[in-house]
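A.B. asks: The file below is model_0.cif, mmCIF, C-alpha atoms:
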data_start
#
loop_
_atom_site.label_atom_id
_atom_site.label_comp_id
_atom_site.auth_asym_id
_atom_site.auth_seq_id
_atom_site.Cartn_x
_atom_site.Cartn_y
_atom_site.Cartn_z
CA MET Y 27 15.63 14.45 26.78
CA PRO Y 28 18.66 15.01 24.50
CA ARG Y 29 18.05 16.63 21.12
CA LEU Y 30 17.97 14.10 18.30
CA ASP Y 31 18.40 14.68 14.59
CA ALA Y 32 15.28 14.24 12.47
CA GLY Y 33 16.03 10.66 11.41
CA SER Y 34 16.72 9.49 14.93
CA ARG Y 35 13.70 11.26 16.31
CA ARG Y 36 11.48 9.66 13.72
CA GLU Y 37 12.99 6.25 14.53
CA GLN Y 38 12.39 6.83 18.20
CA LEU Y 39 8.71 7.56 17.56
CA VAL Y 40 8.33 4.53 15.30
CA ALA Y 41 10.02 2.29 17.89
CA ALA Y 42 7.63 3.53 20.56
CA GLY Y 43 4.67 2.88 18.23
CA VAL Y 44 5.86 -0.61 17.27
CA GLU Y 45 6.14 -1.50 20.92
CA LEU Y 46 2.62 -0.17 21.54
CA LEU Y 47 1.38 -2.33 18.69
CA THR Y 48 2.21 -5.48 20.66
CA ARG Y 49 -0.19 -4.30 23.37
CA MET Y 50 -3.08 -2.52 21.66
CA PRO Y 51 -5.02 -2.47 18.38
CA LEU Y 52 -3.56 -0.32 15.62
CA GLU Y 53 -6.80 1.64 15.51
CA GLN Y 54 -6.18 2.93 19.02
CA ILE Y 55 -2.66 4.18 18.30
CA SER Y 56 -2.93 7.92 17.75
CA ALA Y 57 -0.39 10.74 17.84
CA ASP Y 58 -1.45 11.33 21.45
CA VAL Y 59 -0.76 7.76 22.48
CA VAL Y 60 2.65 7.68 20.75
CA ALA Y 61 3.57 11.06 22.24
CA GLY Y 62 2.72 9.76 25.71
CA ALA Y 63 4.75 6.57 25.22
CA ALA Y 64 7.76 8.40 23.76
CA GLY Y 65 7.64 11.29 26.24
CA VAL Y 66 7.35 13.96 23.53
CA SER Y 67 4.71 16.46 22.50
CA LYS Y 68 1.81 15.52 20.27
CA ALA Y 69 2.93 18.36 17.96
CA LEU Y 70 6.26 16.61 17.44
CA VAL Y 71 4.50 13.38 16.42
CA PHE Y 72 2.33 15.37 14.00
CA HIS Y 73 5.47 16.95 12.57
CA TYR Y 74 6.71 13.53 11.41
CA PHE Y 75 3.31 11.92 10.81
CA PRO Y 76 0.77 14.53 9.69
CA THR Y 77 -2.10 12.05 9.64
CA LYS Y 78 -3.04 8.98 11.65
CA ARG Y 79 -2.72 6.96 8.48
CA ASP Y 80 0.87 8.19 7.91
CA LEU Y 81 1.62 7.03 11.43
CA HIS Y 82 -0.05 3.66 10.90
CA VAL Y 83 1.69 3.01 7.59
CA ALA Y 84 5.06 3.79 9.21
CA LEU Y 85 4.33 1.48 12.16
CA LEU Y 86 3.24 -1.37 9.90
CA ARG Y 87 6.30 -0.94 7.66
CA ALA Y 88 8.59 -1.07 10.69
CA THR Y 89 6.75 -4.08 12.11
CA ALA Y 90 6.93 -5.87 8.75
CA ALA Y 91 10.67 -5.17 8.50
CA ARG Y 92 11.14 -6.68 11.95
CA LEU Y 93 9.03 -9.69 10.99
CA LEU Y 94 11.16 -10.33 7.89
CA VAL Y 95 14.29 -10.51 10.04
CA GLU Y 96 12.55 -12.98 12.38
CA LEU Y 97 11.41 -15.10 9.44
CA ASP Y 98 14.96 -15.64 8.25
CA PRO Y 99 17.21 -15.41 11.29
CA ASP Y 100 20.10 -17.34 9.72
CA PRO Y 101 20.31 -17.68 5.93
CA ASP Y 102 23.21 -20.12 6.34
CA LEU Y 103 21.00 -22.81 7.85
CA PRO Y 104 20.22 -25.86 5.70
CA ILE Y 105 16.85 -25.53 3.92
CA PRO Y 106 14.70 -27.61 6.31
CA GLU Y 107 16.02 -25.82 9.41
CA ARG Y 108 15.71 -22.46 7.69
CA LEU Y 109 12.08 -23.18 6.78
CA ARG Y 110 11.36 -24.32 10.31
CA ALA Y 111 13.03 -21.26 11.83
CA GLY Y 112 10.85 -19.08 9.58
CA LEU Y 113 7.67 -20.86 10.66
CA ASP Y 114 8.68 -20.66 14.33
CA GLY Y 115 9.38 -16.96 13.85
CA PHE Y 116 5.98 -16.37 12.25
CA VAL Y 117 4.09 -18.23 14.98
CA ALA Y 118 6.00 -16.28 17.65
CA PHE Y 119 5.22 -13.03 15.86
CA ILE Y 120 1.49 -13.79 15.71
CA GLU Y 121 1.53 -14.90 19.34
CA ARG Y 122 2.87 -11.49 20.33
CA GLN Y 123 0.11 -9.58 18.53
CA PRO Y 124 -2.65 -11.86 17.30
CA ALA Y 125 -5.42 -9.27 17.14
CA ASN Y 126 -3.47 -6.81 15.06
CA TYR Y 127 -2.35 -9.16 12.32
CA GLN Y 128 -5.89 -10.28 11.64
CA ALA Y 129 -7.56 -6.91 12.06
CA VAL Y 130 -5.01 -5.10 9.96
CA SER Y 131 -4.68 -7.67 7.20
CA ARG Y 132 -8.45 -7.82 6.85
CA GLY Y 133 -9.03 -4.10 7.23
CA ALA Y 134 -6.14 -3.10 4.97
CA GLY Y 135 -8.07 -3.82 1.81
CA SER Y 136 -9.79 -0.50 1.87
CA ASP Y 137 -6.46 1.34 2.10
CA PRO Y 138 -3.96 0.99 -0.75
CA GLN Y 139 -1.00 2.05 1.40
CA LEU Y 140 -1.70 -0.45 4.16
CA LEU Y 141 -2.42 -3.12 1.56
CA ALA Y 142 0.95 -2.34 -0.05
CA VAL Y 143 2.75 -3.13 3.23
CA PHE Y 144 1.20 -6.61 3.27
CA GLU Y 145 1.82 -7.12 -0.44
CA ASP Y 146 5.46 -6.06 -0.16
CA THR Y 147 5.98 -8.27 2.86
CA ARG Y 148 4.48 -11.32 1.15
CA ALA Y 149 6.63 -10.59 -1.91
CA ALA Y 150 9.70 -10.46 0.34
CA VAL Y 151 8.73 -13.81 1.89
CA VAL Y 152 8.39 -15.30 -1.60
CA GLY Y 153 11.93 -14.04 -2.25
CA ILE Y 154 13.26 -15.60 0.95
CA ILE Y 155 11.71 -18.98 0.16
CA ALA Y 156 12.80 -18.96 -3.47
CA GLY Y 157 16.29 -17.95 -2.34
CA ALA Y 158 16.38 -20.84 0.12
CA LEU Y 159 15.49 -23.16 -2.75
CA GLY Y 160 18.37 -21.69 -4.76
CA VAL Y 161 16.02 -20.12 -7.30
CA VAL Y 162 17.11 -16.69 -8.55
CA GLU Y 163 14.37 -15.87 -11.07
CA VAL Y 164 11.16 -17.18 -9.52
CA PRO Y 165 9.12 -19.08 -12.15
CA PRO Y 166 5.48 -17.88 -12.14
CA ALA Y 167 4.13 -21.31 -11.15
CA LEU Y 168 6.44 -21.44 -8.14
CA ARG Y 169 5.44 -17.90 -7.16
CA MET Y 170 1.79 -18.90 -7.30
CA VAL Y 171 2.36 -21.94 -5.10
CA ILE Y 172 4.51 -20.07 -2.59
CA ARG Y 173 1.81 -17.38 -2.36
CA GLY Y 174 -0.77 -20.10 -1.81
CA TRP Y 175 1.36 -21.69 0.89
CA ILE Y 176 1.86 -18.33 2.62
CA ALA Y 177 -1.92 -17.77 2.61
CA MET Y 178 -2.36 -21.22 4.15
CA VAL Y 179 0.23 -20.49 6.82
CA GLU Y 180 -1.39 -17.15 7.71
CA GLU Y 181 -4.88 -18.61 7.92
CA SER Y 182 -3.82 -21.73 9.82
CA VAL Y 183 -1.77 -19.83 12.37
CA LEU Y 184 -4.50 -17.24 12.95
CA HIS Y 185 -6.98 -20.06 13.43
CA TRP Y 186 -4.56 -21.93 15.69
CA ILE Y 187 -4.06 -18.88 17.92
CA ASP Y 188 -7.78 -18.79 18.71
CA GLU Y 189 -8.37 -22.46 19.33
CA ARG Y 190 -4.95 -24.16 19.74
CA PRO Y 191 -6.40 -27.42 18.41
CA VAL Y 192 -2.93 -29.03 18.19
CA SER Y 193 0.40 -28.41 19.86
CA ARG Y 194 2.60 -25.63 18.54
CA GLU Y 195 5.08 -28.25 17.36
CA ALA Y 196 2.43 -30.26 15.50
CA LEU Y 197 1.29 -27.07 13.79
CA VAL Y 198 4.79 -26.15 12.64
CA ASP Y 199 5.51 -29.76 11.59
CA PHE Y 200 2.36 -29.77 9.51
CA LEU Y 201 3.10 -26.47 7.75
CA GLN Y 202 6.68 -27.52 7.13
CA ARG Y 203 5.56 -30.83 5.58
CA ALA Y 204 3.09 -28.94 3.41
CA ALA Y 205 5.93 -26.78 2.07
CA THR Y 206 8.21 -29.77 1.58
CA THR Y 207 5.53 -31.52 -0.45
CA MET Y 208 4.19 -28.56 -2.40
CA LEU Y 209 7.27 -26.58 -3.35
CA PRO Y 210 9.07 -29.34 -5.29
CA GLU Y 211 5.76 -30.12 -7.02
CA ALA Y 212 5.48 -26.46 -8.00
CA LEU Y 213 8.90 -26.58 -9.62
CA ALA Y 214 7.71 -29.52 -11.71
CA LEU Y 215 4.38 -28.00 -12.85
CA PRO Y 216 4.16 -27.63 -16.62
CA ALA Y 217 3.89 -24.06 -17.86
CA SER Y 218 0.57 -23.23 -19.48
CA MET L 25 -44.63 -5.08 -15.70
CA PRO L 26 -46.92 -7.36 -13.64
CA ARG L 27 -47.24 -6.61 -9.95
CA LEU L 28 -45.09 -8.87 -7.83
CA ASP L 29 -45.43 -9.65 -4.16
CA ALA L 30 -42.72 -8.23 -1.89
CA GLY L 31 -40.59 -11.40 -1.76
CA SER L 32 -40.62 -11.88 -5.54
CA ARG L 33 -39.87 -8.21 -6.14
CA ARG L 34 -36.92 -8.33 -3.79
CA GLU L 35 -35.67 -11.50 -5.50
CA GLN L 36 -36.01 -9.84 -8.88
CA LEU L 37 -33.87 -6.90 -7.73
CA VAL L 38 -31.25 -9.19 -6.20
CA ALA L 39 -31.11 -11.28 -9.38
CA ALA L 40 -30.56 -8.15 -11.45
CA GLY L 41 -27.79 -7.04 -9.07
CA VAL L 42 -26.09 -10.45 -9.04
CA GLU L 43 -26.01 -10.40 -12.81
CA LEU L 44 -24.53 -6.87 -12.78
CA LEU L 45 -21.86 -8.10 -10.39
CA THR L 46 -20.42 -10.34 -13.09
CA ARG L 47 -19.83 -7.24 -15.21
CA MET L 48 -18.88 -4.41 -12.87
CA PRO L 49 -17.25 -3.76 -9.51
CA LEU L 50 -19.52 -3.97 -6.48
CA GLU L 51 -18.62 -0.39 -5.60
CA GLN L 52 -20.32 0.83 -8.77
CA ILE L 53 -23.58 -0.98 -8.12
CA SER L 54 -26.00 1.60 -6.70
CA ALA L 55 -29.78 1.72 -6.37
CA ASP L 56 -29.80 3.69 -9.63
CA VAL L 57 -27.88 1.04 -11.53
CA VAL L 58 -30.04 -1.81 -10.19
CA ALA L 59 -33.21 0.15 -10.94
CA GLY L 60 -32.02 0.65 -14.52
CA ALA L 61 -31.17 -3.01 -14.97
CA ALA L 62 -34.41 -4.25 -13.44
CA GLY L 63 -36.61 -1.65 -15.15
CA VAL L 64 -38.04 -0.30 -11.90
CA SER L 65 -37.85 3.02 -10.07
CA LYS L 66 -34.95 3.91 -7.83
CA ALA L 67 -37.49 4.50 -5.06
CA LEU L 68 -38.54 0.87 -5.27
CA VAL L 69 -34.92 -0.30 -4.88
CA PHE L 70 -34.58 2.01 -1.86
CA HIS L 71 -37.73 0.53 -0.42
CA TYR L 72 -36.10 -2.89 -0.21
CA PHE L 73 -32.51 -1.72 0.33
CA PRO L 74 -32.48 1.57 2.26
CA THR L 75 -28.69 1.91 2.01
CA LYS L 76 -26.06 0.97 -0.55
CA ARG L 77 -24.55 -1.32 2.03
CA ASP L 78 -27.87 -3.16 2.52
CA LEU L 79 -27.93 -3.67 -1.23
CA HIS L 80 -24.33 -4.87 -1.33
CA VAL L 81 -24.77 -7.29 1.56
CA ALA L 82 -27.83 -8.78 -0.16
CA LEU L 83 -25.98 -9.13 -3.47
CA LEU L 84 -22.98 -10.80 -1.83
CA ARG L 85 -25.22 -13.16 0.14
CA ALA L 86 -27.03 -14.18 -3.04
CA THR L 87 -23.76 -14.59 -4.94
CA ALA L 88 -22.29 -16.67 -2.13
CA ALA L 89 -25.38 -18.91 -2.07
CA ARG L 90 -24.99 -19.46 -5.80
CA LEU L 91 -21.28 -20.21 -5.36
CA LEU L 92 -22.02 -22.85 -2.71
CA VAL L 93 -24.29 -24.68 -5.14
CA GLU L 94 -21.58 -24.58 -7.80
CA LEU L 95 -18.99 -25.87 -5.34
CA ASP L 96 -20.97 -29.01 -4.65
CA PRO L 97 -23.01 -29.76 -7.76
CA ASP L 98 -23.53 -33.44 -6.95
CA PRO L 99 -23.07 -34.69 -3.37
CA ASP L 100 -23.41 -38.27 -4.59
CA LEU L 101 -20.11 -38.17 -6.48
CA PRO L 102 -17.21 -40.17 -5.01
CA ILE L 103 -14.91 -37.97 -2.88
CA PRO L 104 -12.16 -37.30 -5.47
CA GLU L 105 -14.64 -36.33 -8.20
CA ARG L 106 -16.63 -34.25 -5.73
CA LEU L 107 -13.50 -32.38 -4.67
CA ARG L 108 -12.52 -31.82 -8.28
CA ALA L 109 -15.99 -30.60 -9.20
CA GLY L 110 -15.77 -28.12 -6.32
CA LEU L 111 -12.40 -26.83 -7.48
CA ASP L 112 -13.59 -26.56 -11.08
CA GLY L 113 -16.65 -24.67 -9.83
CA PHE L 114 -14.53 -22.26 -7.83
CA VAL L 115 -12.16 -21.54 -10.71
CA ALA L 116 -15.12 -20.97 -13.04
CA PHE L 117 -16.71 -18.65 -10.48
CA ILE L 118 -13.54 -16.56 -10.15
CA GLU L 119 -13.14 -16.51 -13.92
CA ARG L 120 -16.58 -14.92 -14.22
CA GLN L 121 -15.82 -12.12 -11.77
CA PRO L 122 -12.15 -11.97 -10.85
CA ALA L 123 -12.02 -8.31 -9.82
CA ASN L 124 -14.92 -8.53 -7.41
CA TYR L 125 -13.78 -11.51 -5.41
CA GLN L 126 -10.43 -9.94 -4.69
CA ALA L 127 -11.68 -6.40 -4.16
CA VAL L 128 -14.55 -7.46 -1.95
CA SER L 129 -12.69 -10.07 0.09
CA ARG L 130 -9.90 -7.58 0.77
CA GLY L 131 -12.16 -4.59 1.30
CA ALA L 132 -14.68 -6.46 3.43
CA GLY L 133 -12.49 -6.31 6.51
CA SER L 134 -13.64 -2.85 7.32
CA ASP L 135 -17.30 -3.89 7.24
CA PRO L 136 -18.52 -6.54 9.71
CA GLN L 137 -21.59 -7.44 7.59
CA LEU L 138 -19.60 -8.01 4.40
CA LEU L 139 -16.95 -9.87 6.36
CA ALA L 140 -19.70 -12.08 7.79
CA VAL L 141 -20.74 -13.15 4.27
CA PHE L 142 -17.21 -14.38 3.56
CA GLU L 143 -16.92 -16.01 6.98
CA ASP L 144 -20.25 -17.80 6.63
CA THR L 145 -19.34 -18.96 3.14
CA ARG L 146 -15.98 -20.35 4.22
CA ALA L 147 -17.69 -22.06 7.16
CA ALA L 148 -20.16 -23.63 4.73
CA VAL L 149 -17.27 -24.85 2.54
CA VAL L 150 -15.64 -26.41 5.60
CA GLY L 151 -18.95 -28.20 6.20
CA ILE L 152 -19.09 -29.46 2.61
CA ILE L 153 -15.54 -30.82 2.75
CA ALA L 154 -15.97 -32.39 6.16
CA GLY L 155 -19.24 -33.92 4.97
CA ALA L 156 -17.52 -35.35 1.90
CA LEU L 157 -14.96 -36.94 4.24
CA GLY L 158 -17.82 -38.45 6.22
CA VAL L 159 -17.04 -36.34 9.30
CA VAL L 160 -20.10 -35.10 11.19
CA GLU L 161 -18.52 -33.18 14.10
CA VAL L 162 -15.49 -31.43 12.59
CA PRO L 163 -12.46 -31.87 14.89
CA PRO L 164 -10.74 -28.50 15.52
CA ALA L 165 -7.47 -29.63 13.89
CA LEU L 166 -9.30 -30.65 10.72
CA ARG L 167 -11.19 -27.36 10.69
CA MET L 168 -7.90 -25.49 10.94
CA VAL L 169 -6.38 -27.43 8.05
CA ILE L 170 -9.46 -27.09 5.85
CA ARG L 171 -9.47 -23.34 6.51
CA GLY L 172 -5.79 -23.22 5.58
CA TRP L 173 -6.42 -25.18 2.41
CA ILE L 174 -9.32 -22.87 1.45
CA ALA L 175 -7.05 -19.84 1.95
CA MET L 176 -4.45 -21.50 -0.29
CA VAL L 177 -7.06 -22.22 -2.95
CA GLU L 178 -8.36 -18.63 -2.90
CA GLU L 179 -4.90 -17.10 -3.09
CA SER L 180 -3.63 -19.50 -5.77
CA VAL L 181 -6.65 -19.09 -8.00
CA LEU L 182 -6.62 -15.28 -7.69
CA HIS L 183 -2.94 -15.33 -8.56
CA TRP L 184 -3.53 -17.77 -11.41
CA ILE L 185 -6.24 -15.57 -12.92
CA ASP L 186 -3.78 -12.71 -13.30
CA GLU L 187 -0.83 -14.62 -14.69
CA ARG L 188 -2.06 -18.06 -15.80
CA PRO L 189 1.38 -19.55 -15.14
CA VAL L 190 0.09 -23.12 -15.61
CA SER L 191 -2.86 -24.66 -17.42
CA ARG L 192 -6.23 -24.65 -15.69
CA GLU L 193 -6.01 -28.42 -15.40
CA ALA L 194 -2.55 -28.32 -13.81
CA LEU L 195 -3.84 -25.77 -11.30
CA VAL L 196 -6.83 -27.89 -10.33
CA ASP L 197 -4.68 -31.05 -10.20
CA PHE L 198 -2.27 -29.32 -7.88
CA LEU L 199 -4.95 -28.04 -5.51
CA GLN L 200 -6.66 -31.41 -5.48
CA ARG L 201 -3.39 -33.19 -4.63
CA ALA L 202 -2.78 -30.68 -1.85
CA ALA L 203 -6.16 -31.54 -0.34
CA THR L 204 -5.61 -35.26 -0.78
CA THR L 205 -2.29 -35.00 1.05
CA MET L 206 -3.25 -32.54 3.75
CA LEU L 207 -6.72 -33.58 4.82
CA PRO L 208 -5.86 -37.15 5.90
CA GLU L 209 -2.81 -35.75 7.71
CA ALA L 210 -5.09 -33.33 9.54
CA LEU L 211 -7.27 -36.18 10.74
CA ALA L 212 -4.15 -37.79 12.21
CA LEU L 213 -2.77 -34.69 13.97
CA PRO L 214 -2.54 -35.16 17.74
CA ALA L 215 -4.76 -32.85 19.80
CA SER L 216 -2.84 -30.33 21.87
#
Could you spell out this file's structure in structure tokens?

C.D. replies:
Amino acid sequence: MPRLDAGSRREQLVAAGVELLTRMPLEQISADVVAGAAGVSKALVFHYFPTKRDLHVALLRATAARLLVELDPDPDLPIPERLRAGLDGFVAFIERQPANYQAVSRGAGSDPQLLAVFEDTRAAVVGIIAGALGVVEVPPALRMVIRGWIAMVEESVLHWIDERPVSREALVDFLQRAATTMLPEALALPAS
Amino acid sequence: MPRLDAGSRREQLVAAGVELLTRMPLEQISADVVAGAAGVSKALVFHYFPTKRDLHVALLRATAARLLVELDPDPDLPIPERLRAGLDGFVAFIERQPANYQAVSRGAGSDPQLLAVFEDTRAAVVGIIAGALGVVEVPPALRMVIRGWIAMVEESVLHWIDERPVSREALVDFLQRAATTMLPEALALPAS
């Protein structure tokens, strides 16, 4: 294997871990497992990620960054298509790794660093949606409603993955209509 | 203090703990603290709740049971008033103990027993809402949408508590309208 500089080596390890994350629970991803997948020594993984939690935080951050790109593949799309592309991207993301999203988002509460990855990601999604609506400074009422809508999307999609009670298209239609109804209402809510 | 039978004694301890929970984080509620509040020995608390987790699960179960009563104070109300009463009850509940709901719901993921309290409570809320709609066997698509709406309500109210971006009434109006729009749509969603 060619020698890599520190940044590239770290990226290589994270990429191997992110790929593993589509196939196994986060809890099972240790330095050993990443070393095996990346073809490097366990000591090298420990050099970049001294603890399992350092490794997990890095993998979740990288996964979240990838998700954000998939949620907004083309910012030049008109708003409805952009919203739909984001919902399609989220459903596809969950379909690739349903167990992890649920396990990690529920288990993250006991760990401030893992929780911060979810919080930062949701904040970035709020920014994407507000940006699509042409809002630069997000009014607090709109932020509240977007956060509520995101929670609804997460819960509905995680529930859908288990039971598939409606078609994928009906699910995305429904969530898109919910946004189309709720977001303009949020902009009109009176401040307290 | 008069002697109580085992069931009454346990209830007394749980009641003392539930009251404490409105004033302090769950994490701080130990056998010592409950013993102090109930005026009994720590050994007696340990007799009923051998571990801190046993105590916490019992306190959350009792709090959740109380919440369910507050969410549906009068099943004979017409649907819109019943829905509104439930939302008012939930907001009031969160207002009494904002830190705990968030901390516990986020931290519960690492503990199957605590998680089960939240799961059972949400399932009971789904039952209340479906019952109000006159639905006996909840179709999977409706269950998914009700779960999504509950997630939106939880997230919005927890966000509202921190920032109060709109009046309490505007918040409840908004969440009620969301239900009124989404639930009939859910009943009309085609099965997959």

A.B. asks: Counting only C-alpha atoms, a student should be able to say which residues of chain L come within 10 Å of chain Y; what is the right answer, written as an MDAnalysis selection string?

C.D. replies: chainID L and resid 126:135 139 163:184 187:195 197:199 201:202 205:206 209:210 213:216

A.B. asks: In Å, rounded to a single decimal, give me how far CA of Gln137 (chain L) is from CA of Ala39 (chain L).

C.D. replies: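 Between these atoms lies a distance of 19.8 Å.
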
A.B. asks: Quick one, how far is CA of Tyr127 (chain Y) from CA of Pro51 (chain Y)?

C.D. replies: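 Pair CA of Tyr127 (chain Y) / CA of Pro51 (chain Y) returns 9.4 Å.
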
A.B. asks: Which one of Y:Leu109, Y:Phe116, Y:Ile154, Y:Ile187 sits closest to Gln202 (chain Y) if you count all atoms listed in the file?

C.D. replies: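 For Gln202 (chain Y), the nearest of the candidates is Y:Leu109.
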
A.B. asks: Quote the spacing between CA of Met48 (chain L) and CA of Leu138 (chain L) in Å to one decimal place.

C.D. replies: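 CA of Met48 (chain L) sits 17.7 Å away from CA of Leu138 (chain L).
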
A.B. asks: Given the file shown, enumerate the residues that the PyMOL selection byres ((chain Y and resi 82) around 9) captures and present them as a list of chain:residue names.

C.D. replies: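 That expression, the PyMOL selection byres ((chain Y and resi 82) around 9), corresponds here to Y:Gly43, Y:Leu52, Y:Glu53, Y:Ile55, Y:Ser56, Y:Phe75, Y:Thr77, Y:Lys78, Y:Arg79, Y:Asp80, Y:Leu81, Y:Val83, Y:Ala84, Y:Leu85, Y:Leu86, Y:Arg87, Y:Leu140.
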
A.B. asks: Next, write the just-selected residues to a file, as a tab-separated table (two decimals), keeping the file's coordinate frame, keeping C-alpha atoms as the atom set.

C.D. replies:
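Listed below is the output, selection.tsv:
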chain	number	residue	atom	x	y	z
Y	43	GLY	CA	4.67	2.88	18.23
Y	52	LEU	CA	-3.56	-0.32	15.62
Y	53	GLU	CA	-6.80	1.64	15.51
Y	55	ILE	CA	-2.66	4.18	18.30
Y	56	SER	CA	-2.93	7.92	17.75
Y	75	PHE	CA	3.31	11.92	10.81
Y	77	THR	CA	-2.10	12.05	9.64
Y	78	LYS	CA	-3.04	8.98	11.65
Y	79	ARG	CA	-2.72	6.96	8.48
Y	80	ASP	CA	0.87	8.19	7.91
Y	81	LEU	CA	1.62	7.03	11.43
Y	83	VAL	CA	1.69	3.01	7.59
Y	84	ALA	CA	5.06	3.79	9.21
Y	85	LEU	CA	4.33	1.48	12.16
Y	86	LEU	CA	3.24	-1.37	9.90
Y	87	ARG	CA	6.30	-0.94	7.66
Y	140	LEU	CA	-1.70	-0.45	4.16

A.B. asks: For a quick check of your reading of the model, name the residues lying within 7 Å of the coordinate (-26.3, -4.9, -9.8), counting only C-alpha atoms, and write them as a ChimeraX atom specification.

C.D. replies: /L:40-45,53,57-58

A.B. asks: Please evaluate the PyMOL selection byres ((chain Y and resi 64) around 8) against the structure above and give the resulting residues as a list in words.

C.D. replies: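 Taken on the displayed file, the PyMOL selection byres ((chain Y and resi 64) around 8) yields the residues Gln38, Leu39, Ala42, Val60, Ala61, Gly62, Ala63, Gly65 and Val66 of chain Y.
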
A.B. asks: Dump C-alpha atoms for the selected residues as a compact mmCIF listing (two decimals), keeping the file's coordinate frame?

C.D. replies:
# COMPACT_ATOMS: atom_id res chain seq x y z
CA GLN Y 38 12.39 6.83 18.20
CA LEU Y 39 8.71 7.56 17.56
CA ALA Y 42 7.63 3.53 20.56
CA VAL Y 60 2.65 7.68 20.75
CA ALA Y 61 3.57 11.06 22.24
CA GLY Y 62 2.72 9.76 25.71
CA ALA Y 63 4.75 6.57 25.22
CA GLY Y 65 7.64 11.29 26.24
CA VAL Y 66 7.35 13.96 23.53
